[in-house]
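A.B. asks: My structure is in data08.csv, and what it holds is CSV, C-alpha atoms and all ligand atoms:
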```csv
chain,number,residue,atom,x,y,z
A,1,MET,CA,128.5,124.6,86.7
A,2,ALA,CA,126.4,126.2,84.0
A,3,ILE,CA,122.8,126.7,85.1
A,4,ILE,CA,121.4,126.8,81.6
A,5,GLU,CA,122.7,124.6,78.9
A,6,PRO,CA,121.4,124.3,75.3
A,7,VAL,CA,119.3,121.2,74.7
A,8,LYS,CA,118.5,119.8,71.2
A,9,GLN,CA,114.9,119.1,70.8
A,10,ASN,CA,112.0,119.1,68.4
A,11,PRO,CA,109.5,121.4,70.2
A,12,LEU,CA,106.6,120.4,68.0
A,13,HIS,CA,106.8,116.7,68.8
A,14,PRO,CA,105.8,116.1,72.4
A,15,SER,CA,107.1,112.5,72.3
A,16,GLN,CA,110.6,113.8,71.8
A,17,THR,CA,110.7,115.9,75.0
A,18,ARG,CA,112.9,113.4,76.8
A,19,GLN,CA,116.0,115.5,77.1
A,20,TYR,CA,116.7,116.8,80.5
A,21,SER,CA,119.1,119.6,81.3
A,22,LEU,CA,121.7,119.2,84.0
A,23,SER,CA,119.8,121.5,86.3
A,24,ILE,CA,116.6,119.5,86.0
A,25,ARG,CA,118.4,116.2,86.6
A,26,LEU,CA,120.3,117.6,89.6
A,27,TRP,CA,117.1,119.1,90.9
A,28,HIS,CA,115.2,115.9,90.5
A,29,TRP,CA,117.6,113.6,92.3
A,30,LEU,CA,118.3,116.1,95.1
A,31,ASN,CA,114.5,116.6,95.5
A,32,LEU,CA,114.1,112.8,95.7
A,33,LEU,CA,116.8,112.7,98.5
A,34,VAL,CA,115.3,115.6,100.4
A,35,ILE,CA,111.7,114.3,100.2
A,36,SER,CA,112.8,110.8,101.2
A,37,GLY,CA,114.6,112.4,104.2
A,38,SER,CA,111.5,114.3,105.2
A,39,LEU,CA,109.4,111.1,105.0
A,40,VAL,CA,111.9,109.2,107.1
A,41,THR,CA,111.7,111.8,109.9
A,42,ILE,CA,107.9,111.3,109.9
A,43,LEU,CA,108.3,107.6,110.0
A,44,ILE,CA,110.7,107.8,112.9
A,45,ASN,CA,108.3,110.0,114.9
A,46,SER,CA,105.4,107.7,114.3
A,47,THR,CA,107.3,104.6,115.2
A,48,LEU,CA,110.6,104.7,117.1
A,49,MET,CA,109.8,108.1,118.8
A,50,ASP,CA,106.1,107.5,119.3
A,51,ARG,CA,105.5,109.5,122.5
A,52,LYS,CA,103.5,106.9,124.4
A,53,ALA,CA,105.9,104.1,123.6
A,54,THR,CA,109.0,106.2,124.4
A,55,SER,CA,107.6,107.4,127.7
A,56,SER,CA,106.8,103.8,128.8
A,57,VAL,CA,110.4,102.8,127.9
A,58,ILE,CA,111.7,105.6,130.0
A,59,VAL,CA,109.6,104.6,133.0
A,60,GLU,CA,110.6,101.0,132.6
A,61,GLN,CA,114.3,101.8,132.3
A,62,ALA,CA,114.1,104.1,135.3
A,63,ALA,CA,112.4,101.2,137.3
A,64,LYS,CA,115.2,98.8,136.2
A,65,ALA,CA,117.8,101.2,137.5
A,66,GLU,CA,115.8,101.4,140.7
A,67,ALA,CA,115.1,105.1,140.1
A,68,SER,CA,111.7,106.5,139.9
A,69,ILE,CA,110.3,108.9,137.4
A,70,SER,CA,106.7,110.2,137.1
A,71,ALA,CA,104.7,109.5,134.0
A,72,ASP,CA,104.5,113.2,133.4
A,73,ALA,CA,108.3,113.7,133.5
A,74,ALA,CA,108.7,110.6,131.2
A,75,GLY,CA,106.1,112.1,128.8
A,76,GLN,CA,108.1,115.4,128.9
A,77,ILE,CA,111.3,113.6,127.9
A,78,ALA,CA,109.5,111.7,125.2
A,79,HIS,CA,108.1,115.0,123.9
A,80,GLU,CA,111.6,116.6,123.8
A,81,LEU,CA,113.0,113.6,121.9
A,82,GLU,CA,110.2,113.8,119.4
A,83,ASP,CA,110.8,117.6,119.0
A,84,ASN,CA,114.4,116.9,118.2
A,85,VAL,CA,113.3,114.9,115.2
A,86,TRP,CA,110.8,117.6,114.2
A,87,SER,CA,113.7,120.0,114.2
A,88,ILE,CA,115.5,117.8,111.7
A,89,HIS,CA,112.3,117.6,109.7
A,90,ALA,CA,112.1,121.4,109.6
A,91,TYR,CA,115.8,121.8,108.5
A,92,ILE,CA,115.2,119.3,105.7
A,93,GLY,CA,112.0,121.3,105.0
A,94,PHE,CA,114.2,124.4,104.5
A,95,ALA,CA,116.3,122.5,101.9
A,96,LEU,CA,113.1,121.5,100.2
A,97,VAL,CA,111.9,125.1,100.1
A,98,ALA,CA,115.3,126.1,98.6
A,99,LEU,CA,115.0,123.4,95.9
A,100,LEU,CA,111.5,124.5,95.1
A,101,LEU,CA,112.7,128.1,94.7
A,102,TRP,CA,115.4,126.8,92.4
A,103,ARG,CA,112.9,124.9,90.3
A,104,ILE,CA,110.6,128.0,90.1
A,105,ILE,CA,113.5,130.3,89.1
A,106,TYR,CA,114.7,127.6,86.6
A,107,GLU,CA,111.2,127.5,85.0
A,108,ILE,CA,111.4,131.2,84.4
A,109,ILE,CA,115.0,131.3,83.0
A,110,SER,CA,115.2,127.9,81.4
A,111,PRO,CA,115.5,127.4,77.6
A,112,THR,CA,112.0,127.0,76.2
A,113,SER,CA,112.6,123.3,75.5
A,114,GLN,CA,113.0,122.6,79.2
A,115,SER,CA,110.0,124.6,80.4
A,116,LEU,CA,107.1,122.7,81.9
A,117,PHE,CA,104.7,125.4,80.8
A,118,ARG,CA,106.0,125.1,77.3
A,119,LYS,CA,105.7,121.3,77.3
A,120,VAL,CA,102.1,121.6,78.4
A,121,SER,CA,101.2,124.1,75.7
A,122,VAL,CA,103.0,122.0,73.0
A,123,ALA,CA,101.1,119.0,74.1
A,124,ARG,CA,97.8,120.9,74.0
A,125,LEU,CA,98.5,122.1,70.4
A,126,ALA,CA,99.5,118.6,69.3
A,127,LEU,CA,96.1,117.3,70.7
A,128,LYS,CA,94.5,118.9,67.7
A,129,ASN,CA,96.7,117.0,65.2
A,130,GLY,CA,96.4,113.4,63.7
A,131,SER,CA,95.2,110.5,65.9
A,132,GLU,CA,98.5,108.9,66.8
A,133,GLU,CA,100.1,112.2,67.7
A,134,ALA,CA,96.9,113.2,69.6
A,135,ARG,CA,97.2,110.0,71.6
A,136,LEU,CA,100.8,110.7,72.5
A,137,ALA,CA,100.0,114.3,73.3
A,138,ARG,CA,97.1,113.4,75.6
A,139,HIS,CA,99.4,111.1,77.6
A,140,GLU,CA,102.1,113.9,77.7
A,141,LEU,CA,99.5,116.4,78.9
A,142,VAL,CA,98.2,114.2,81.7
A,143,VAL,CA,101.8,113.5,82.9
A,144,LYS,CA,102.9,117.2,82.8
A,145,VAL,CA,99.6,118.4,84.5
A,146,LEU,CA,100.4,115.8,87.2
A,147,TYR,CA,103.8,117.5,87.7
A,148,PHE,CA,102.1,120.9,88.0
A,149,ALA,CA,99.7,119.5,90.6
A,150,PHE,CA,102.7,118.1,92.5
A,151,TYR,CA,104.5,121.4,92.4
A,152,LEU,CA,101.4,123.1,93.7
A,153,VAL,CA,101.3,120.6,96.7
A,154,LEU,CA,105.0,121.2,97.3
A,155,ILE,CA,104.3,125.0,97.4
A,156,LEU,CA,101.5,124.4,99.9
A,157,MET,CA,103.8,122.1,102.0
A,158,GLY,CA,106.5,124.8,102.0
A,159,ILE,CA,104.2,127.6,103.0
A,160,THR,CA,102.4,125.7,105.7
A,161,GLY,CA,105.7,124.1,107.0
A,162,LEU,CA,107.3,127.6,107.3
A,163,THR,CA,104.2,128.9,109.0
A,164,LEU,CA,104.4,126.1,111.5
A,165,TYR,CA,108.1,126.7,112.1
A,166,PHE,CA,107.6,130.4,112.7
A,167,LYS,CA,104.2,130.1,114.5
A,168,HIS,CA,105.5,131.8,117.6
A,169,ASN,CA,107.1,134.6,115.7
A,170,LEU,CA,103.9,135.0,113.7
A,171,GLY,CA,101.9,135.0,117.0
A,172,LEU,CA,99.5,132.3,115.6
A,173,ASP,CA,96.5,131.2,117.6
A,174,ARG,CA,96.8,127.6,118.9
A,175,SER,CA,93.6,126.5,117.0
A,176,VAL,CA,94.9,128.2,113.7
A,177,SER,CA,98.3,126.5,114.0
A,178,HIS,CA,96.6,123.2,114.7
A,179,SER,CA,94.5,123.5,111.6
A,180,ILE,CA,97.5,124.4,109.5
A,181,GLN,CA,99.4,121.4,111.0
A,182,GLU,CA,96.5,119.1,110.0
A,183,PHE,CA,96.4,120.5,106.5
A,184,HIS,CA,100.2,120.1,106.3
A,185,GLY,CA,99.9,116.5,107.4
A,186,PHE,CA,97.1,115.8,104.9
A,187,CYS,CA,99.3,117.1,102.1
A,188,MET,CA,101.8,114.4,103.0
A,189,TYR,CA,99.3,111.8,101.6
A,190,LEU,CA,99.1,113.7,98.3
A,191,VAL,CA,102.9,113.7,98.1
A,192,ILE,CA,103.0,109.9,98.8
A,193,LEU,CA,100.2,109.4,96.2
A,194,PHE,CA,102.2,111.3,93.6
A,195,ILE,CA,105.4,109.3,94.3
A,196,VAL,CA,103.6,106.0,94.0
A,197,VAL,CA,101.8,107.0,90.7
A,198,HIS,CA,105.0,108.7,89.4
A,199,VAL,CA,107.3,105.8,90.0
A,200,ALA,CA,104.8,103.3,88.7
A,201,GLY,CA,104.3,105.5,85.6
A,202,VAL,CA,108.0,105.8,85.0
A,203,ILE,CA,108.5,102.0,85.3
A,204,LEU,CA,105.6,101.4,82.9
A,205,ALA,CA,107.0,104.0,80.5
A,206,GLU,CA,110.5,102.4,80.7
A,207,ARG,CA,109.0,99.0,79.8
A,208,ARG,CA,106.6,100.3,77.1
A,209,GLN,CA,106.7,103.5,75.0
A,210,SER,CA,109.8,105.1,76.4
A,211,PRO,CA,112.6,102.7,77.0
A,212,GLY,CA,115.7,104.4,78.5
A,213,ILE,CA,113.6,107.2,80.2
A,214,VAL,CA,115.2,106.7,83.6
A,215,SER,CA,118.7,106.6,82.1
A,216,ASP,CA,117.8,109.9,80.3
A,217,MET,CA,116.9,111.4,83.7
A,218,ILE,CA,120.4,110.4,84.9
A,219,ASN,CA,122.5,111.1,81.8
A,220,GLY,CA,120.4,113.8,80.1
A,221,GLY,CA,119.1,111.9,77.1
A,222,GLY,CA,119.0,113.1,73.5
A,223,HIS,CA,122.2,111.3,72.5
A,301,LIG,C1,110.5,111.3,95.9
A,301,LIG,C2,110.4,110.7,94.7
A,301,LIG,C3,110.2,111.5,93.4
A,301,LIG,C4,109.7,112.7,93.2
A,301,LIG,C5,109.1,113.7,94.2
A,301,LIG,C6,109.9,112.9,91.8
A,301,LIG,C7,109.4,114.1,91.1
A,301,LIG,C8,109.5,114.3,89.8
A,301,LIG,C9,109.1,115.5,89.1
A,301,LIG,C10,108.4,116.7,89.8
A,301,LIG,C11,109.3,115.4,87.8
A,301,LIG,C12,109.0,116.4,86.7
A,301,LIG,C13,110.3,117.2,86.4
A,301,LIG,C14,109.9,118.4,85.5
A,301,LIG,O1,110.0,118.2,84.3
A,301,LIG,O2,109.6,119.5,86.1
A,301,LIG,C15,109.9,114.1,87.6
A,301,LIG,C16,110.3,113.6,86.4
A,301,LIG,C17,110.9,112.3,86.2
A,301,LIG,N1,111.2,111.4,87.2
A,301,LIG,FE1,110.8,111.6,89.2
A,301,LIG,N2,110.4,111.9,91.2
A,301,LIG,C18,110.7,110.9,92.2
A,301,LIG,C19,111.3,109.7,92.0
A,301,LIG,C20,111.7,109.2,90.8
A,301,LIG,C21,112.3,107.9,90.7
A,301,LIG,C22,112.6,106.9,91.8
A,301,LIG,C23,112.6,107.7,89.3
A,301,LIG,C24,113.3,106.6,88.6
A,301,LIG,C25,112.9,105.4,88.8
A,301,LIG,C26,112.1,108.9,88.7
A,301,LIG,C27,112.2,109.2,87.3
A,301,LIG,C28,111.8,110.3,86.7
A,301,LIG,C29,111.8,110.5,85.2
A,301,LIG,C30,112.4,109.5,84.2
A,301,LIG,C31,111.2,111.7,84.9
A,301,LIG,C32,111.0,112.3,83.6
A,301,LIG,C33,109.6,111.9,83.1
A,301,LIG,C34,109.0,112.7,82.0
A,301,LIG,O3,109.7,113.2,81.1
A,301,LIG,O4,107.8,113.0,82.1
A,301,LIG,N3,111.6,109.8,89.6
A,301,LIG,N4,110.0,113.5,88.8
A,302,LIG,C1,107.5,116.6,101.4
A,302,LIG,C2,107.4,117.5,102.3
A,302,LIG,C3,106.9,117.4,103.7
A,302,LIG,C4,106.1,116.4,104.3
A,302,LIG,C5,105.7,115.1,103.7
A,302,LIG,C6,105.8,116.8,105.6
A,302,LIG,C7,105.0,116.2,106.5
A,302,LIG,C8,104.8,116.5,107.8
A,302,LIG,C9,103.9,115.8,108.7
A,302,LIG,C10,103.1,114.6,108.4
A,302,LIG,C11,103.9,116.6,109.9
A,302,LIG,C12,103.1,116.2,111.2
A,302,LIG,C13,101.7,116.9,111.1
A,302,LIG,C14,100.8,116.5,112.2
A,302,LIG,O1,101.3,116.3,113.3
A,302,LIG,O2,99.6,116.5,112.0
A,302,LIG,C15,104.7,117.7,109.7
A,302,LIG,C16,105.0,118.7,110.7
A,302,LIG,C17,105.8,119.7,110.5
A,302,LIG,N1,106.5,120.1,109.3
A,302,LIG,FE1,106.4,119.1,107.6
A,302,LIG,N2,106.4,118.1,105.8
A,302,LIG,C18,107.0,118.5,104.7
A,302,LIG,C19,107.7,119.6,104.4
A,302,LIG,C20,107.9,120.6,105.4
A,302,LIG,C21,108.5,121.8,105.1
A,302,LIG,C22,109.0,122.3,103.7
A,302,LIG,C23,108.7,122.5,106.3
A,302,LIG,C24,109.3,123.8,106.5
A,302,LIG,C25,110.2,124.1,107.2
A,302,LIG,C26,108.1,121.6,107.3
A,302,LIG,C27,107.9,121.9,108.7
A,302,LIG,C28,107.2,121.2,109.6
A,302,LIG,C29,107.0,121.7,110.9
A,302,LIG,C30,107.6,122.9,111.6
A,302,LIG,C31,106.1,120.7,111.5
A,302,LIG,C32,105.5,120.7,113.0
A,302,LIG,C33,106.4,119.8,113.8
A,302,LIG,C34,105.9,119.9,115.2
A,302,LIG,O3,104.8,119.2,115.5
A,302,LIG,O4,106.5,120.5,116.0
A,302,LIG,N3,107.6,120.5,106.7
A,302,LIG,N4,105.3,117.7,108.4
```
Show how you would write the structure in this file as structure tokens.
Ligand code: HEM
Ligand code: HEM

C.D. replies:
Amino acid sequence: MAIIEPVKQNPLHPSQTRQYSLSIRLWHWLNLLVISGSLVTILINSTLMDRKATSSVIVEQAAKAEASISADAAGQIAHELEDNVWSIHAYIGFALVALLLWRIIYEIISPTSQSLFRKVSVARLALKNGSEEARLARHELVVKVLYFAFYLVLILMGITGLTLYFKHNLGLDRSVSHSIQEFHGFCMYLVILFIVVHVAGVILAERRQSPGIVSDMINGGGH
């Protein structure tokens, strides 16, 4: 599979930037899969594998089988089960970091028409032009800057996630790793916020000014 493929485009017209290379499309849908997987692991740990609920199920089931287990031991088992899910979360996290590196490398080696930096500077230039073009450019600029912000959050997620995974190797203090974990958890809300705004924005764009935009993200566009 070719990593870089030529894409036809008018670089001076920001409203015509809806041609997505195979690399971007593949990256986009794999990223969607991986982030969804990551969010599912969190959902599992905060519902099905909730430590309190799981340990009371263990105690109940032991009582039914006429065995006895202390609350501490049940809590320990629940903790282990929860940790198994966190391990899956971390493996998915490694895939996310790999995808992020791919996206960063692609930004560096991609044809200029596909570069996010380039799209931002083209939109900034077009802002100075006539009123209709300026309106389109303003919208384009807001959307692309939102992508930048999202990439920044993903980078923070990656760095804090890896730090948490390797906290013992790094010899991190308990309080430091706790703060990092809280920050990592907080970033999740930014990721969710981005997804909600992004999907709503894409649906609106599909219905209004950019019909076919989702199909372009699947088929490449520019036909
Ligand atoms: C976890 C969910 C999702 C994430 C994290 C995500 C992330 C992104 C990112 C970062 C970009 C910018 C790509 C770039 O140019 O660098 C993008 C573009 C795009 N995404 Fe998503 N996406 C998600 C879900 C979806 C879904 C469900 C759809 C379809 C309904 C969709 C449709 C699109 C389209 C059409 C674009 C191109 C928009 C444009 O040209 O500005 N995305 N997405
Ligand atoms: C979209 C991406 C991600 C989301 C939404 C996410 C979300 C979360 C959340 C909510 C927690 C629990 C924090 C807390 O208990 O306060 C967590 C923990 C963790 N995450 Fe992520 N994360 C993501 C990416 C990553 C990545 C890239 C890695 C890197 C390997 C990673 C590794 C970890 C680890 C090791 C923990 C600690 C689990 C434990 O308590 O043992 N995460 N993550």

A.B. asks: Quick one: everything within 12 Å of Ile213 (chain A), counting all atoms listed in the file, minus sequence neighbours fewer than 2 positions away in the same chain. Send it as an MDAnalysis selection string.

C.D. replies: chainID A and resid 15:20 199 201:211 215:222

A.B. asks: Report the distance between CA of Arg118 (chain A) and CA of Leu156 (chain A) in Å, rounded to one decimal place.

C.D. replies: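 Between CA of Arg118 (chain A) and CA of Leu156 (chain A) the gap works out to 23.1 Å.
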
A.B. asks: List all protein, DNA and RNA residues that have any atom at most 7 Å from ligand LIG 302 (chain A), counting only C-alpha atoms and all ligand atoms, and write the list as a ChimeraX atom specification.

C.D. replies: /A:35,38-39,42,83,86,89-91,93-94,96-97,154,157-158,161-162,164-165,181-182,184-185,187-188,191

A.B. asks: Could you check which of A:Arg135, A:Arg124, A:Arg174, A:Lys144 is closest to ligand LIG 301 (chain A), using all atoms listed in the file?

C.D. replies: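 Distance minimum relative to ligand LIG 301 (chain A) lands on A:Lys144.
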
A.B. asks: Select, from A:Ala73, A:Ala200, A:Ala95, A:Ala53, the residue with the minimum atom-to-atom distance to ligand LIG 301 (chain A), counting all atoms listed in the file.

C.D. replies: A:Ala200
